[in-house]
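Asker: Next up is a structure, given as structure tokens.
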Amino acid sequence: MKVTVRTLHELGKQVVLAPERHLLASRLGGGIFLGELVIERRQTIDVHHAHRAHHEGALVLDTTHAKDGVLDVPAALRAEAGHRANFFLTTSRRKKRACNGDVVVSRLRPYLRQIALVHPAAIALEKERSLALSTEFYVLAPARHGEDIAFLLPFLLSSKIQSLLADAQEGGHHPRVPRESLLALRVPHALVEARQKTNAKVRSALERYYRAAHDLQCALCL
């Protein structure tokens, strides 16, 4: 019988000795732990209170409204309009709050590219309403105040990381990617060093995308 012995250092400080995480750790490679670049935002918002207090309260997005780096605000609005009459019966009270610049990652299906940046252009589509996210999201904020983590989108959406996230799922009926496995991903040093350039490219591309989406919606409403 062949036995492989690994030290905690090899596994990574974010990873424990569960079989799935052990296998994940062996494929991580070098770089900076994602958990050193981001923190998890755990603020919540009571969407019931928000809707009672304001005519236009928080907009609720579920994991299907994040894809390929983009937040699908129009789809969230259609879903909201579809059950507005029984909103308080169909929606749980507490949702996660997301702020401009956060990166949101689905716990359920990140390997289906359910990852997005909270871009100001997405918020502007709904007249600056607060965004309330499903609790099935991890909401990642910069570890250092004022830093931009848009450069993480191409990393998290890369084929290698998508494969790692798919293999990192744990659980039976509804498997999820554990927080520890997500934060244990290693971001290449080269990407971190080039983050300012990548941040600019990602933000500019998203700005153009949301502007085009807005123009299309306006044209369809004529």
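The chains in the structure tokens are called A, B, ... from first to last as shown; in each chain the residues are counted from 1, and the ligands are counted from 1 in the order shown.
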List as an MDAnalysis selection string the protein and nucleic acid residues near stretch 210-220 of chain A, meaning an atom at most 10 Å away when only C-alpha atoms are counted, but skip any in the same chain fewer than 3 places from it.

Answerer: chainID A and resid 70:74 119:122 124:125 205:207

Asker: Work out how far apart atom CA of A:Gln196 and atom CA of A:Gly146 are and give it in Å to one decimal.

Answerer: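 Between these atoms lies a distance of 12.8 Å.
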
Asker: Which residues are close to A:Val177, i.e. within 9 Å by only C-alpha atoms, leaving aside same-chain residues fewer than 3 positions away? Reply as a VMD selection string.

Answerer: chain A and resid 106 to 110 165 to 171 180 to 182

Asker: List the neighbours of stretch 62-66 of chain A out to 12 Å using only C-alpha atoms; skip same-chain residues closer than 2 positions along the sequence, and give me the result as a ChimeraX atom specification.

Answerer: /A:59-60,68-80,91-92,95-96,103-119,122,131-139

Asker: Could you save those same residues with C-alpha atoms as a PDB file, in the first residue's frame?

Answerer:
ATOM      1  CA  LEU A  59     -32.860  44.475  -5.053  1.00  0.00           C
ATOM      2  CA  VAL A  60     -32.438  40.750  -4.362  1.00  0.00           C
ATOM      3  CA  ASP A  68     -19.028  35.493 -16.294  1.00  0.00           C
ATOM      4  CA  GLY A  69     -18.154  38.480 -14.147  1.00  0.00           C
ATOM      5  CA  VAL A  70     -21.472  40.258 -14.725  1.00  0.00           C
ATOM      6  CA  LEU A  71     -24.476  40.905 -12.485  1.00  0.00           C
ATOM      7  CA  ASP A  72     -27.708  40.387 -14.425  1.00  0.00           C
ATOM      8  CA  VAL A  73     -29.724  43.218 -12.906  1.00  0.00           C
ATOM      9  CA  PRO A  74     -32.516  43.133 -15.547  1.00  0.00           C
ATOM     10  CA  ALA A  75     -33.167  39.450 -14.784  1.00  0.00           C
ATOM     11  CA  ALA A  76     -33.285  40.202 -11.053  1.00  0.00           C
ATOM     12  CA  LEU A  77     -35.785  42.981 -11.715  1.00  0.00           C
ATOM     13  CA  ARG A  78     -37.988  40.655 -13.759  1.00  0.00           C
ATOM     14  CA  ALA A  79     -37.875  38.050 -10.991  1.00  0.00           C
ATOM     15  CA  GLU A  80     -38.776  40.706  -8.417  1.00  0.00           C
ATOM     16  CA  THR A  91     -38.242  35.765   0.250  1.00  0.00           C
ATOM     17  CA  SER A  92     -36.335  35.083   3.477  1.00  0.00           C
ATOM     18  CA  LYS A  95     -29.698  38.618   2.697  1.00  0.00           C
ATOM     19  CA  LYS A  96     -26.041  39.473   2.249  1.00  0.00           C
ATOM     20  CA  VAL A 103     -16.428  40.097  -5.898  1.00  0.00           C
ATOM     21  CA  VAL A 104     -19.285  37.642  -5.393  1.00  0.00           C
ATOM     22  CA  VAL A 105     -18.810  33.893  -5.765  1.00  0.00           C
ATOM     23  CA  SER A 106     -21.576  31.302  -5.690  1.00  0.00           C
ATOM     24  CA  ARG A 107     -21.140  28.622  -3.031  1.00  0.00           C
ATOM     25  CA  LEU A 108     -23.326  26.270  -5.055  1.00  0.00           C
ATOM     26  CA  ARG A 109     -22.132  26.535  -8.652  1.00  0.00           C
ATOM     27  CA  PRO A 110     -18.987  28.659  -8.983  1.00  0.00           C
ATOM     28  CA  TYR A 111     -17.774  26.140 -11.583  1.00  0.00           C
ATOM     29  CA  LEU A 112     -20.660  27.317 -13.786  1.00  0.00           C
ATOM     30  CA  ARG A 113     -18.945  30.720 -13.797  1.00  0.00           C
ATOM     31  CA  GLN A 114     -21.408  32.162 -11.256  1.00  0.00           C
ATOM     32  CA  ILE A 115     -18.938  34.842 -10.250  1.00  0.00           C
ATOM     33  CA  ALA A 116     -19.213  38.610 -10.685  1.00  0.00           C
ATOM     34  CA  LEU A 117     -17.794  41.985  -9.740  1.00  0.00           C
ATOM     35  CA  VAL A 118     -20.120  44.526  -8.142  1.00  0.00           C
ATOM     36  CA  HIS A 119     -19.496  47.317 -10.637  1.00  0.00           C
ATOM     37  CA  ALA A 122     -24.558  47.606 -12.360  1.00  0.00           C
ATOM     38  CA  LEU A 131     -27.963  45.036  -3.586  1.00  0.00           C
ATOM     39  CA  ALA A 132     -29.112  42.136  -1.401  1.00  0.00           C
ATOM     40  CA  LEU A 133     -27.546  38.826  -2.350  1.00  0.00           C
ATOM     41  CA  SER A 134     -28.591  35.263  -1.707  1.00  0.00           C
ATOM     42  CA  THR A 135     -26.866  33.721   1.296  1.00  0.00           C
ATOM     43  CA  GLU A 136     -25.475  31.172  -1.174  1.00  0.00           C
ATOM     44  CA  PHE A 137     -22.893  33.775  -2.203  1.00  0.00           C
ATOM     45  CA  TYR A 138     -19.488  34.417  -0.760  1.00  0.00           C
ATOM     46  CA  VAL A 139     -19.012  38.190  -0.812  1.00  0.00           C
TER      47      VAL A 139
END

Asker: Can you work out which one of A:Gly172, A:Val47, A:Cys221, A:Ile32 has the shortest atom-to-atom distance to A:Glu193, counting only C-alpha atoms?

Answerer: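 Checking each candidate against A:Glu193, we get A:Ile32 as the closest.
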
Asker: Nearest to A:Ile161: which of A:Arg186, A:Cys99, A:Ala81, A:Leu140 is it, counting only C-alpha atoms?

Answerer: A:Arg186

Asker: Going by DSSP on the backbone, which residues of stretch 91-212 of chain A come out as strand (DSSP E or B)? List them as number ranges by chain.

Answerer: A: 94-98, 103-106, 115-117, 131-133, 137-142, 170, 176, 186-187

Asker: May I ask for the distance between atom CA of A:Gly101 and atom CA of A:Leu164, given in Å to one decimal place?

Answerer: 24.2 Å

Asker: At what distance in Å, to one decimal, does atom CA of A:Leu61 lie from atom CA of A:Glu36?

Answerer: 27.1 Å
